[in-house]
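Chemist: Handing over work_21.pdb, PDB, C-alpha atoms and all ligand atoms.
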ATOM      1  CA  MET A   1     -31.580  -5.378  45.104
ATOM      2  CA  PRO A   2     -29.100  -2.555  45.881
ATOM      3  CA  ARG A   3     -26.762  -3.278  48.806
ATOM      4  CA  ARG A   4     -27.623  -1.245  51.916
ATOM      5  CA  ILE A   5     -24.645   0.755  53.141
ATOM      6  CA  LEU A   6     -24.103   3.057  56.096
ATOM      7  CA  ILE A   7     -21.222   5.479  55.528
ATOM      8  CA  ASP A   8     -19.279   6.851  58.507
ATOM      9  CA  ALA A   9     -16.990   9.635  57.317
ATOM     10  CA  ASP A  10     -15.041  12.798  58.068
ATOM     11  CA  PRO A  11     -15.677  14.909  54.896
ATOM     12  CA  GLY A  12     -13.048  15.565  53.769
ATOM     13  CA  VAL A  13     -12.374  15.803  50.051
ATOM     14  CA  ASP A  14     -11.958  12.100  49.266
ATOM     15  CA  ASP A  15     -14.883  11.331  51.583
ATOM     16  CA  ALA A  16     -16.938  13.614  49.323
ATOM     17  CA  LEU A  17     -15.858  11.657  46.251
ATOM     18  CA  ALA A  18     -16.729   8.407  48.018
ATOM     19  CA  LEU A  19     -20.197   9.731  48.863
ATOM     20  CA  ALA A  20     -20.645  10.864  45.253
ATOM     21  CA  LEU A  21     -19.641   7.462  43.870
ATOM     22  CA  ALA A  22     -21.898   5.660  46.343
ATOM     23  CA  LEU A  23     -24.894   7.856  45.574
ATOM     24  CA  ARG A  24     -24.308   7.657  41.819
ATOM     25  CA  SER A  25     -24.150   3.843  41.903
ATOM     26  CA  PRO A  26     -27.494   2.043  41.563
ATOM     27  CA  GLU A  27     -25.885  -1.072  43.037
ATOM     28  CA  LEU A  28     -25.719   0.657  46.434
ATOM     29  CA  SER A  29     -28.377   2.126  48.725
ATOM     30  CA  PRO A  30     -26.866   4.503  51.331
ATOM     31  CA  VAL A  31     -29.184   4.367  54.376
ATOM     32  CA  ALA A  32     -27.392   7.025  56.446
ATOM     33  CA  VAL A  33     -24.271   9.177  56.589
ATOM     34  CA  CYS A  34     -22.562   9.557  59.965
ATOM     35  CA  ALA A  35     -20.009  12.263  60.646
ATOM     36  CA  VAL A  36     -16.945  11.729  62.813
ATOM     37  CA  ASN A  37     -14.128  14.011  63.922
ATOM     38  CA  GLY A  38     -11.132  13.596  61.651
ATOM     39  CA  ASN A  39     -10.075  15.695  58.676
ATOM     40  CA  ALA A  40     -12.116  18.512  60.193
ATOM     41  CA  SER A  41     -14.137  18.913  63.387
ATOM     42  CA  VAL A  42     -17.235  16.740  63.611
ATOM     43  CA  GLU A  43     -19.371  19.890  63.300
ATOM     44  CA  LYS A  44     -17.695  20.792  59.992
ATOM     45  CA  ALA A  45     -17.721  17.173  58.824
ATOM     46  CA  ALA A  46     -21.469  16.965  59.464
ATOM     47  CA  ALA A  47     -22.148  20.313  57.768
ATOM     48  CA  ASN A  48     -20.030  19.169  54.811
ATOM     49  CA  ALA A  49     -21.946  15.905  54.538
ATOM     50  CA  LEU A  50     -25.174  17.911  54.296
ATOM     51  CA  ARG A  51     -23.626  20.194  51.635
ATOM     52  CA  ILE A  52     -22.418  17.191  49.630
ATOM     53  CA  LEU A  53     -25.927  15.727  49.676
ATOM     54  CA  ASP A  54     -27.280  19.114  48.525
ATOM     55  CA  VAL A  55     -24.943  18.921  45.511
ATOM     56  CA  LEU A  56     -25.831  15.265  44.811
ATOM     57  CA  ASN A  57     -29.542  15.727  45.497
ATOM     58  CA  PRO A  58     -30.209  11.971  45.853
ATOM     59  CA  SER A  59     -33.686  10.510  46.147
ATOM     60  CA  PRO A  60     -34.275   9.185  48.718
ATOM     61  CA  ARG A  61     -31.922  11.424  50.691
ATOM     62  CA  PRO A  62     -30.126   9.603  53.522
ATOM     63  CA  PRO A  63     -30.121  11.271  56.979
ATOM     64  CA  VAL A  64     -26.894  12.770  58.311
ATOM     65  CA  ALA A  65     -26.057  12.339  62.002
ATOM     66  CA  LYS A  66     -23.237  13.820  64.039
ATOM     67  CA  GLY A  67     -20.969  11.564  66.085
ATOM     68  CA  ALA A  68     -17.829  11.763  68.163
ATOM     69  CA  ASP A  69     -16.071  15.097  68.436
ATOM     70  CA  GLN A  70     -12.786  13.640  69.652
ATOM     71  CA  PRO A  71     -10.870  10.351  69.727
ATOM     72  CA  LEU A  72     -11.525   7.738  72.446
ATOM     73  CA  SER A  73      -8.526   8.751  74.515
ATOM     74  CA  ARG A  74      -5.836  10.517  72.482
ATOM     75  CA  PRO A  75      -5.790  14.275  71.850
ATOM     76  CA  ARG A  76      -7.451  15.356  68.609
ATOM     77  CA  VAL A  77      -5.353  15.504  65.483
ATOM     78  CA  GLY A  78      -6.845  17.034  62.359
ATOM     79  CA  ALA A  79      -5.947  17.315  58.673
ATOM     80  CA  GLU A  80      -6.996  20.887  58.007
ATOM     81  CA  HIS A  81      -3.610  21.506  56.391
ATOM     82  CA  VAL A  82      -4.556  18.869  53.820
ATOM     83  CA  HIS A  83      -8.331  19.209  53.386
ATOM     84  CA  GLY A  84      -8.624  22.912  54.242
ATOM     85  CA  GLY A  85      -9.930  24.665  57.334
ATOM     86  CA  ASP A  86     -13.492  23.931  56.192
ATOM     87  CA  GLY A  87     -12.672  20.308  55.279
ATOM     88  CA  LEU A  88     -13.595  20.895  51.632
ATOM     89  CA  GLY A  89     -10.530  22.677  50.311
ATOM     90  CA  GLY A  90     -11.996  26.113  50.992
ATOM     91  CA  ALA A  91     -14.896  25.499  48.590
ATOM     92  CA  THR A  92     -17.452  26.551  51.221
ATOM     93  CA  GLU A  93     -16.235  30.125  50.780
ATOM     94  CA  LEU A  94     -16.503  30.192  46.972
ATOM     95  CA  ARG A  95     -19.037  32.634  45.548
ATOM     96  CA  GLY A  96     -20.830  32.662  42.203
ATOM     97  CA  GLN A  97     -21.007  35.618  39.830
ATOM     98  CA  ASN A  98     -24.004  37.008  41.753
ATOM     99  CA  GLY A  99     -21.934  37.011  44.935
ATOM    100  CA  SER A 100     -23.871  34.212  46.645
ATOM    101  CA  LEU A 101     -22.103  31.243  48.178
ATOM    102  CA  ARG A 102     -21.701  28.444  45.663
ATOM    103  CA  TYR A 103     -22.019  25.803  48.417
ATOM    104  CA  PRO A 104     -23.974  27.466  51.272
ATOM    105  CA  PRO A 105     -24.746  25.742  54.573
ATOM    106  CA  SER A 106     -27.518  23.224  53.963
ATOM    107  CA  GLU A 107     -31.115  24.015  54.861
ATOM    108  CA  THR A 108     -31.619  20.310  55.622
ATOM    109  CA  PRO A 109     -31.220  19.714  59.365
ATOM    110  CA  LEU A 110     -29.055  17.044  60.906
ATOM    111  CA  ASP A 111     -30.803  13.933  62.178
ATOM    112  CA  GLN A 112     -31.308  14.476  65.891
ATOM    113  CA  ARG A 113     -30.018  10.998  66.766
ATOM    114  CA  HIS A 114     -26.335  10.505  67.646
ATOM    115  CA  ALA A 115     -24.343   8.772  64.914
ATOM    116  CA  VAL A 116     -23.665   5.825  67.215
ATOM    117  CA  ASP A 117     -27.405   5.215  67.580
ATOM    118  CA  LEU A 118     -27.862   5.236  63.785
ATOM    119  CA  ILE A 119     -24.933   2.863  63.364
ATOM    120  CA  LEU A 120     -26.471   0.446  65.867
ATOM    121  CA  ASP A 121     -29.986   0.826  64.445
ATOM    122  CA  ALA A 122     -28.768  -0.017  60.918
ATOM    123  CA  ALA A 123     -26.805  -3.134  61.925
ATOM    124  CA  ASP A 124     -28.202  -6.167  60.120
ATOM    125  CA  GLU A 125     -27.094  -8.955  57.799
ATOM    126  CA  GLU A 126     -28.151  -6.994  54.695
ATOM    127  CA  THR A 127     -26.118  -3.886  55.488
ATOM    128  CA  VAL A 128     -22.445  -2.970  55.073
ATOM    129  CA  LEU A 129     -20.735  -0.372  57.255
ATOM    130  CA  ALA A 130     -18.169   1.722  55.368
ATOM    131  CA  ALA A 131     -15.768   3.636  57.631
ATOM    132  CA  LEU A 132     -13.980   6.448  55.824
ATOM    133  CA  GLY A 133     -12.562   8.311  58.809
ATOM    134  CA  PRO A 134     -11.186   7.543  62.260
ATOM    135  CA  LEU A 135     -13.078   4.616  63.834
ATOM    136  CA  THR A 136     -14.281   6.481  66.916
ATOM    137  CA  ASN A 137     -18.020   6.201  66.142
ATOM    138  CA  VAL A 138     -17.637   2.531  65.215
ATOM    139  CA  ALA A 139     -15.736   1.756  68.416
ATOM    140  CA  LEU A 140     -18.353   3.561  70.527
ATOM    141  CA  ALA A 141     -21.064   1.481  68.831
ATOM    142  CA  VAL A 142     -19.089  -1.692  69.589
ATOM    143  CA  ARG A 143     -18.781  -0.635  73.220
ATOM    144  CA  ALA A 144     -22.562  -0.118  73.359
ATOM    145  CA  ASP A 145     -23.544  -3.420  71.722
ATOM    146  CA  ALA A 146     -20.833  -5.575  70.145
ATOM    147  CA  ARG A 147     -23.263  -8.413  69.458
ATOM    148  CA  LYS A 148     -25.534  -6.082  67.458
ATOM    149  CA  MET A 149     -22.513  -4.727  65.550
ATOM    150  CA  ARG A 150     -21.485  -8.253  64.539
ATOM    151  CA  ARG A 151     -24.721  -8.451  62.556
ATOM    152  CA  TYR A 152     -23.247  -6.138  59.898
ATOM    153  CA  ALA A 153     -22.531  -8.124  56.744
ATOM    154  CA  GLU A 154     -19.117  -6.432  56.622
ATOM    155  CA  LEU A 155     -17.191  -3.468  57.984
ATOM    156  CA  VAL A 156     -14.979  -1.973  55.272
ATOM    157  CA  VAL A 157     -12.354   0.434  56.599
ATOM    158  CA  MET A 158     -10.272   2.915  54.669
ATOM    159  CA  GLY A 159      -7.273   2.841  56.936
ATOM    160  CA  GLY A 160      -3.914   1.405  57.823
ATOM    161  CA  ALA A 161      -0.626   0.855  56.070
ATOM    162  CA  PHE A 162       0.649  -2.718  56.309
ATOM    163  CA  ARG A 163       3.625  -2.999  53.957
ATOM    164  CA  THR A 164       3.954   0.621  52.879
ATOM    165  CA  SER A 165       4.753   3.956  54.527
ATOM    166  CA  GLY A 166       2.201   5.909  56.448
ATOM    167  CA  ASN A 167       0.938   9.332  55.422
ATOM    168  CA  VAL A 168       0.934  11.028  58.828
ATOM    169  CA  THR A 169       4.113   9.479  60.219
ATOM    170  CA  PRO A 170       6.409   7.090  58.363
ATOM    171  CA  GLN A 171       4.557   4.254  60.098
ATOM    172  CA  ALA A 172       0.941   5.420  60.445
ATOM    173  CA  GLU A 173      -1.982   6.209  58.180
ATOM    174  CA  PHE A 174      -4.189   9.147  59.258
ATOM    175  CA  ASN A 175      -7.494   7.414  60.134
ATOM    176  CA  VAL A 176      -5.702   4.923  62.383
ATOM    177  CA  TYR A 177      -3.234   7.458  63.790
ATOM    178  CA  ALA A 178      -6.096   9.805  64.726
ATOM    179  CA  ASP A 179      -7.688   7.118  66.934
ATOM    180  CA  PRO A 180      -5.583   3.937  67.259
ATOM    181  CA  HIS A 181      -7.507   2.776  70.340
ATOM    182  CA  ALA A 182     -10.706   2.787  68.310
ATOM    183  CA  LEU A 183      -9.195   0.394  65.773
ATOM    184  CA  GLN A 184      -7.835  -1.777  68.599
ATOM    185  CA  GLU A 185     -11.340  -2.116  70.080
ATOM    186  CA  VAL A 186     -12.899  -2.776  66.683
ATOM    187  CA  LEU A 187     -10.308  -5.480  65.939
ATOM    188  CA  ALA A 188     -11.273  -7.223  69.185
ATOM    189  CA  ALA A 189     -14.991  -7.192  68.396
ATOM    190  CA  GLY A 190     -15.067  -9.974  65.807
ATOM    191  CA  LEU A 191     -16.717  -8.108  62.952
ATOM    192  CA  GLN A 192     -16.328  -9.242  59.322
ATOM    193  CA  LEU A 193     -13.566  -6.717  58.589
ATOM    194  CA  THR A 194     -11.902  -5.621  55.355
ATOM    195  CA  PHE A 195      -9.174  -2.983  55.185
ATOM    196  CA  ILE A 196      -8.639  -0.788  52.131
ATOM    197  CA  PRO A 197      -5.241   0.522  53.323
ATOM    198  CA  LEU A 198      -2.633   2.794  51.789
ATOM    199  CA  ASP A 199      -1.087  -0.372  50.317
ATOM    200  CA  ALA A 200      -3.934  -0.219  47.793
ATOM    201  CA  THR A 201      -5.050   3.404  47.783
ATOM    202  CA  SER A 202      -1.670   5.051  47.246
ATOM    203  CA  SER A 203      -1.507   3.636  43.704
ATOM    204  CA  VAL A 204      -4.663   5.403  42.492
ATOM    205  CA  LEU A 205      -4.292   9.046  41.448
ATOM    206  CA  LEU A 206      -6.770  11.489  39.977
ATOM    207  CA  THR A 207      -4.704  13.653  37.591
ATOM    208  CA  PRO A 208      -4.948  17.443  37.205
ATOM    209  CA  GLN A 209      -6.005  16.858  33.581
ATOM    210  CA  THR A 210      -8.941  14.677  34.592
ATOM    211  CA  LEU A 211      -9.998  17.204  37.232
ATOM    212  CA  ALA A 212      -9.732  20.051  34.716
ATOM    213  CA  GLU A 213     -11.981  18.243  32.247
ATOM    214  CA  ALA A 214     -14.574  16.962  34.717
ATOM    215  CA  ARG A 215     -18.036  17.962  33.566
ATOM    216  CA  GLY A 216     -21.405  18.858  35.082
ATOM    217  CA  SER A 217     -22.196  20.309  38.489
ATOM    218  CA  LEU A 218     -20.582  17.341  40.223
ATOM    219  CA  GLY A 219     -17.467  17.696  38.077
ATOM    220  CA  ARG A 220     -17.258  21.379  38.999
ATOM    221  CA  PHE A 221     -17.825  20.562  42.689
ATOM    222  CA  THR A 222     -15.027  17.977  42.530
ATOM    223  CA  ARG A 223     -12.717  20.558  40.964
ATOM    224  CA  ASP A 224     -13.728  23.215  43.511
ATOM    225  CA  ILE A 225     -13.007  21.007  46.538
ATOM    226  CA  SER A 226      -9.850  19.367  45.145
ATOM    227  CA  ALA A 227      -7.512  22.253  44.306
ATOM    228  CA  GLN A 228      -5.883  22.419  47.771
ATOM    229  CA  LEU A 229      -5.604  18.643  48.198
ATOM    230  CA  LEU A 230      -4.124  18.325  44.699
ATOM    231  CA  ALA A 231      -1.483  20.972  45.432
ATOM    232  CA  PHE A 232      -0.693  19.431  48.819
ATOM    233  CA  THR A 233      -0.335  15.919  47.386
ATOM    234  CA  GLN A 234       1.813  17.050  44.467
ATOM    235  CA  LYS A 235       4.152  18.773  46.923
ATOM    236  CA  ALA A 236       4.101  16.300  49.820
ATOM    237  CA  ALA A 237       4.077  13.052  47.840
ATOM    238  CA  GLY A 238       5.806  14.339  44.708
ATOM    239  CA  VAL A 239       3.155  12.783  42.469
ATOM    240  CA  ASN A 240       1.143  14.330  39.643
ATOM    241  CA  GLY A 241      -2.322  13.995  41.050
ATOM    242  CA  MET A 242      -4.315  13.435  44.213
ATOM    243  CA  HIS A 243      -5.261  10.273  46.055
ATOM    244  CA  VAL A 244      -8.909   9.319  46.378
ATOM    245  CA  HIS A 245      -8.449   6.933  49.310
ATOM    246  CA  ASP A 246     -12.054   6.768  50.553
ATOM    247  CA  ALA A 247     -13.558   6.321  47.081
ATOM    248  CA  LEU A 248     -11.759   2.985  46.898
ATOM    249  CA  VAL A 249     -13.939   1.633  49.714
ATOM    250  CA  ILE A 250     -16.966   2.258  47.488
ATOM    251  CA  ALA A 251     -15.161   0.818  44.472
ATOM    252  CA  TYR A 252     -14.484  -2.329  46.545
ATOM    253  CA  LEU A 253     -18.176  -2.615  47.402
ATOM    254  CA  LEU A 254     -19.051  -2.244  43.724
ATOM    255  CA  ASP A 255     -16.524  -4.839  42.527
ATOM    256  CA  GLU A 256     -14.003  -6.493  44.808
ATOM    257  CA  SER A 257     -12.205  -7.920  41.779
ATOM    258  CA  LEU A 258     -10.685  -4.448  41.479
ATOM    259  CA  PHE A 259      -8.394  -5.436  44.360
ATOM    260  CA  ARG A 260      -6.001  -8.160  45.369
ATOM    261  CA  LEU A 261      -6.943  -9.136  48.913
ATOM    262  CA  GLU A 262      -5.145 -11.214  51.542
ATOM    263  CA  HIS A 263      -6.229 -12.577  54.916
ATOM    264  CA  VAL A 264      -4.256 -10.904  57.711
ATOM    265  CA  CYS A 265      -3.946 -11.013  61.457
ATOM    266  CA  ALA A 266      -4.200  -7.234  61.804
ATOM    267  CA  ARG A 267      -2.677  -5.514  64.792
ATOM    268  CA  VAL A 268      -2.301  -1.831  65.720
ATOM    269  CA  GLU A 269       0.259  -0.036  67.878
ATOM    270  CA  THR A 270      -1.342   2.119  70.578
ATOM    271  CA  ALA A 271       1.751   2.930  72.610
ATOM    272  CA  GLU A 272       2.990   6.522  72.430
ATOM    273  CA  GLY A 273       6.074   6.890  70.291
ATOM    274  CA  ALA A 274       7.292   6.565  66.715
ATOM    275  CA  SER A 275       5.169   3.494  66.026
ATOM    276  CA  LEU A 276       1.889   4.940  67.311
ATOM    277  CA  GLY A 277      -0.893   4.023  64.879
ATOM    278  CA  ARG A 278       1.216   1.491  62.985
ATOM    279  CA  THR A 279      -0.800  -1.391  61.531
ATOM    280  CA  TYR A 280       0.832  -4.719  60.774
ATOM    281  CA  HIS A 281       0.171  -8.396  60.110
ATOM    282  CA  GLU A 282       1.173 -10.603  63.021
ATOM    283  CA  ALA A 283       2.857 -13.580  61.383
ATOM    284  CA  GLY A 284       1.335 -16.832  62.546
ATOM    285  CA  GLY A 285      -1.588 -15.035  64.135
ATOM    286  CA  THR A 286      -5.186 -16.062  63.538
ATOM    287  CA  PRO A 287      -6.588 -14.075  60.606
ATOM    288  CA  ASN A 288      -9.069 -11.412  61.783
ATOM    289  CA  ALA A 289      -9.503  -9.397  58.598
ATOM    290  CA  ARG A 290      -8.856  -9.122  54.880
ATOM    291  CA  ALA A 291      -6.686  -6.347  53.482
ATOM    292  CA  ALA A 292      -6.271  -5.042  49.939
ATOM    293  CA  PHE A 293      -2.680  -4.861  48.732
ATOM    294  CA  GLU A 294      -3.190  -3.945  45.085
ATOM    295  CA  ALA A 295      -5.812  -1.931  43.229
ATOM    296  CA  ASP A 296      -6.680  -1.729  39.547
ATOM    297  CA  GLU A 297      -6.138   2.003  39.026
ATOM    298  CA  ALA A 298      -7.482   2.166  35.474
ATOM    299  CA  ARG A 299     -10.755   0.403  36.273
ATOM    300  CA  ILE A 300     -11.284   2.366  39.493
ATOM    301  CA  LEU A 301     -10.668   5.694  37.754
ATOM    302  CA  ALA A 302     -13.042   4.596  34.992
ATOM    303  CA  LEU A 303     -15.777   4.256  37.626
ATOM    304  CA  LEU A 304     -15.090   7.741  38.982
ATOM    305  CA  LYS A 305     -14.858   9.272  35.501
ATOM    306  CA  SER A 306     -18.118   7.816  34.275
ATOM    307  CA  ARG A 307     -20.214   8.034  37.458
ATOM    308  CA  VAL A 308     -18.908  11.176  39.166
ATOM    309  CA  LEU A 309     -16.973  13.296  36.659
ATOM    310  CA  SER A 310     -19.215  12.743  33.609
ATOM    311  CA  LEU A 311     -16.200  11.767  31.518
ATOM    312  CA  GLN A 312     -15.817   8.832  29.155
ATOM    313  CA  PRO A 313     -14.310   6.029  31.287
ATOM    314  CA  ASP A 314     -11.653   5.174  28.717
ATOM    315  CA  GLY A 315     -10.161   8.642  28.541
ATOM    316  CA  ASP A 316     -10.404  12.209  29.678
ATOM    317  CA  ARG A 317     -12.482  13.326  26.706
TER     318      ARG A 317
HETATM  319  O1  LIG B 401      -5.264   8.439  55.099
HETATM  320  C1  LIG B 401      -6.361   8.747  54.274
HETATM  321  C2  LIG B 401      -7.588   8.954  55.092
HETATM  322  O2  LIG B 401      -7.407  10.053  55.974
HETATM  323  C3  LIG B 401      -8.809   9.312  54.236
HETATM  324  O3  LIG B 401      -9.966   8.822  54.859
HETATM  325  C4  LIG B 401      -8.813  10.807  54.250
HETATM  326  O4  LIG B 401     -10.134  11.339  54.099
HETATM  327  C5  LIG B 401      -8.314  11.082  55.637
HETATM  328  O5  LIG B 401      -9.424  11.019  56.513
HETATM  329 CA    CA B 402     -11.842  10.268  55.281
END
Can you dump the structure from the file as structure tokens?
Modeler:
Amino acid sequence: MPRRILIDADPGVDDALALALALRSPELSPVAVCAVNGNASVEKAAANALRILDVLNPSPRPPVAKGADQPLSRPRVGAEHVHGGDGLGGATELRGQNGSLRYPPSETPLDQRHAVDLILDAADEETVLAALGPLTNVALAVRADARKMRRYAELVVMGGAFRTSGNVTPQAEFNVYADPHALQEVLAAGLQLTFIPLDATSSVLLTPQTLAEARGSLGRFTRDISAQLLAFTQKAAGVNGMHVHDALVIAYLLDESLFRLEHVCARVETAEGASLGRTYHEAGGTPNARAAFEADEARILALLKSRVLSLQPDGDR
């Protein structure tokens, strides 16, 4: 039986790759996609989720619901300078040879329910909640019914930086920095929690060569949305490729042996200042989560190459 998964995301280029991997993996059954403010506004994130499903054309097609448009208490921070003003690297403005938009707004409507209601409705022992953006929707669901949320088999979070530098400030990773209070409330709720932090995701890079050779409509979509993120990452991180942070949450759900995990007593800084959004292990504290500290880059990229980019997993040709 495929594992039921609810994906809460802020598409977002790597969110798009995560959705593609999830929907191209028969081991998983996405039951809903929830949009949250993060890389782009929640309106754009929701519209992008619908566009991504148009490209993937899954059957059955999971509903897309819109969630929180701002963090619990901090002012909004975005990542438009990384993921583009549209959240998809400008791909929503690309036109084909006939002049029509290559990725037009979807004709499929949003689910009328709020994302928090879908997250609560889906909570059961057979379902995993994958959080690929700031945890605002998840925290609001916990506030509404923490006991119901504890029914989730697992909450897997792309977020945090425990023993490595942040990517928004030297100390903080974006999803946590964007809403640190949301993580603090989720940590206190007693869910079965696994972090896929920068400690693991920063070692996995999709190279320009792989992107250039990606095949099929999904390969072209990946190339179309990735150009800006690739250029930004090459310049900002000085590496030859782009990170695919969120896709590693799906890779973990497909095969956790791809990661080296440790039990941690995870804590987050919520005080204003240089440490805002910092995540750390409190030595001697009671473990409240697992965190991935290493990832098998070759095997993870093989999954993306074969299932999303239509490339042979053992090489780019
Ligand atoms: O720090 C990486 C995370 O921030 C990813 O989820 C990316 O999509 C951005 O939201
Ligand atoms: Ca994301």
Chemist: Give the answer as one residue: which of A:Tyr103, A:Phe174, A:Phe259, A:Phe293 has the shortest atom-to-atom distance to ligand CA 402 (chain B), using all atoms listed in the file?
Modeler: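 With all atoms listed in the file as the atom set, the closest residue is A:Phe174.
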Chemist: Using the chain letters and residue numbers of this document, give as a list of chain:residue names the residues selected by the PyMOL selection byres (((chain A and resi 207) around 8) and not hetatm).
Modeler: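 Applied to this file, the PyMOL selection byres (((chain A and resi 207) around 8) and not hetatm) selects A:Leu205, A:Leu206, A:Pro208, A:Gln209, A:Thr210, A:Leu211, A:Asn240, A:Gly241, A:Met242.
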Chemist: Of the candidates A:Ala289, A:Leu254, A:Ala182, A:Leu17, which one gets nearest to Gly277 (chain A) if we count all atoms listed in the file?
Modeler: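 Closest to Gly277 (chain A), using all atoms listed in the file: A:Ala182.
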Chemist: Please evaluate the PyMOL selection byres (((chain A and resi 198) around 10) and not hetatm) against the displayed coordinates and give the resulting residues as number ranges by chain.
Modeler: A: 158-167, 172-174, 195-197, 199-204, 243, 245, 292-294
Chemist: Dump C-alpha atoms for the selected residues as a PDB file, keeping the file's coordinate frame?
Modeler:
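This went into part.pdb:
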ATOM      1  CA  MET A 158     -10.272   2.915  54.669  1.00  0.00           C
ATOM      2  CA  GLY A 159      -7.273   2.841  56.936  1.00  0.00           C
ATOM      3  CA  GLY A 160      -3.914   1.405  57.823  1.00  0.00           C
ATOM      4  CA  ALA A 161      -0.626   0.855  56.070  1.00  0.00           C
ATOM      5  CA  PHE A 162       0.649  -2.718  56.309  1.00  0.00           C
ATOM      6  CA  ARG A 163       3.625  -2.999  53.957  1.00  0.00           C
ATOM      7  CA  THR A 164       3.954   0.621  52.879  1.00  0.00           C
ATOM      8  CA  SER A 165       4.753   3.956  54.527  1.00  0.00           C
ATOM      9  CA  GLY A 166       2.201   5.909  56.448  1.00  0.00           C
ATOM     10  CA  ASN A 167       0.938   9.332  55.422  1.00  0.00           C
ATOM     11  CA  ALA A 172       0.941   5.420  60.445  1.00  0.00           C
ATOM     12  CA  GLU A 173      -1.982   6.209  58.180  1.00  0.00           C
ATOM     13  CA  PHE A 174      -4.189   9.147  59.258  1.00  0.00           C
ATOM     14  CA  PHE A 195      -9.174  -2.983  55.185  1.00  0.00           C
ATOM     15  CA  ILE A 196      -8.639  -0.788  52.131  1.00  0.00           C
ATOM     16  CA  PRO A 197      -5.241   0.522  53.323  1.00  0.00           C
ATOM     17  CA  ASP A 199      -1.087  -0.372  50.317  1.00  0.00           C
ATOM     18  CA  ALA A 200      -3.934  -0.219  47.793  1.00  0.00           C
ATOM     19  CA  THR A 201      -5.050   3.404  47.783  1.00  0.00           C
ATOM     20  CA  SER A 202      -1.670   5.051  47.246  1.00  0.00           C
ATOM     21  CA  SER A 203      -1.507   3.636  43.704  1.00  0.00           C
ATOM     22  CA  VAL A 204      -4.663   5.403  42.492  1.00  0.00           C
ATOM     23  CA  HIS A 243      -5.261  10.273  46.055  1.00  0.00           C
ATOM     24  CA  HIS A 245      -8.449   6.933  49.310  1.00  0.00           C
ATOM     25  CA  ALA A 292      -6.271  -5.042  49.939  1.00  0.00           C
ATOM     26  CA  PHE A 293      -2.680  -4.861  48.732  1.00  0.00           C
ATOM     27  CA  GLU A 294      -3.190  -3.945  45.085  1.00  0.00           C
TER      28      GLU A 294
END
Chemist: Please write as JSON, numbers by chain the full residue list that the PyMOL selection byres (((chain A and resi 246) around 6) and not hetatm) yields on this file.
Modeler: {"A": [14, 15, 18, 132, 158, 244, 245, 247, 248, 249]}
Chemist: Using C-alpha atoms, can you export the residues from the last selection as a JSON list (two decimals), keeping the file's coordinate frame?
Modeler:
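Below you can see result-v4.json, which holds the result:
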[["chain", "number", "residue", "atom", "x", "y", "z"],
["A", 14, "ASP", "CA", -11.96, 12.10, 49.27],
["A", 15, "ASP", "CA", -14.88, 11.33, 51.58],
["A", 18, "ALA", "CA", -16.73, 8.41, 48.02],
["A", 132, "LEU", "CA", -13.98, 6.45, 55.82],
["A", 158, "MET", "CA", -10.27, 2.92, 54.67],
["A", 244, "VAL", "CA", -8.91, 9.32, 46.38],
["A", 245, "HIS", "CA", -8.45, 6.93, 49.31],
["A", 247, "ALA", "CA", -13.56, 6.32, 47.08],
["A", 248, "LEU", "CA", -11.76, 2.98, 46.90],
["A", 249, "VAL", "CA", -13.94, 1.63, 49.71]]
Chemist: Give as a PyMOL selection string every residue, naming chains and numbers as the document does, that has an atom within 12 Å of (-13.4, 0.7, 64.9), counting all atoms listed in the file.
Modeler: chain A and resi 8+36+71-72+116+119+129-143+146+149+155-160+175-176+178-195+268
Chemist: Leaving out Pro11 (chain A) and any residue of its chain fewer than 4 positions from it, which residues lie within 10 Å of it when counting all atoms listed in the file, given as a ChimeraX atom specification?
Modeler: /A:15-19,35-42,44-50,52,83,86-88,132-133,246
Chemist: Filtering to C-alpha atoms, could you give me those residues as an mmCIF file, in the frame of the given file?
Modeler:
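What landed in again.cif:
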data_model
loop_
_atom_site.group_PDB
_atom_site.id
_atom_site.type_symbol
_atom_site.label_atom_id
_atom_site.label_comp_id
_atom_site.auth_asym_id
_atom_site.auth_seq_id
_atom_site.Cartn_x
_atom_site.Cartn_y
_atom_site.Cartn_z
ATOM 1 C CA ASP A 15 -14.883 11.331 51.583
ATOM 2 C CA ALA A 16 -16.938 13.614 49.323
ATOM 3 C CA LEU A 17 -15.858 11.657 46.251
ATOM 4 C CA ALA A 18 -16.729 8.407 48.018
ATOM 5 C CA LEU A 19 -20.197 9.731 48.863
ATOM 6 C CA ALA A 35 -20.009 12.263 60.646
ATOM 7 C CA VAL A 36 -16.945 11.729 62.813
ATOM 8 C CA ASN A 37 -14.128 14.011 63.922
ATOM 9 C CA GLY A 38 -11.132 13.596 61.651
ATOM 10 C CA ASN A 39 -10.075 15.695 58.676
ATOM 11 C CA ALA A 40 -12.116 18.512 60.193
ATOM 12 C CA SER A 41 -14.137 18.913 63.387
ATOM 13 C CA VAL A 42 -17.235 16.740 63.611
ATOM 14 C CA LYS A 44 -17.695 20.792 59.992
ATOM 15 C CA ALA A 45 -17.721 17.173 58.824
ATOM 16 C CA ALA A 46 -21.469 16.965 59.464
ATOM 17 C CA ALA A 47 -22.148 20.313 57.768
ATOM 18 C CA ASN A 48 -20.030 19.169 54.811
ATOM 19 C CA ALA A 49 -21.946 15.905 54.538
ATOM 20 C CA LEU A 50 -25.174 17.911 54.296
ATOM 21 C CA ILE A 52 -22.418 17.191 49.630
ATOM 22 C CA HIS A 83 -8.331 19.209 53.386
ATOM 23 C CA ASP A 86 -13.492 23.931 56.192
ATOM 24 C CA GLY A 87 -12.672 20.308 55.279
ATOM 25 C CA LEU A 88 -13.595 20.895 51.632
ATOM 26 C CA LEU A 132 -13.980 6.448 55.824
ATOM 27 C CA GLY A 133 -12.562 8.311 58.809
ATOM 28 C CA ASP A 246 -12.054 6.768 50.553
#
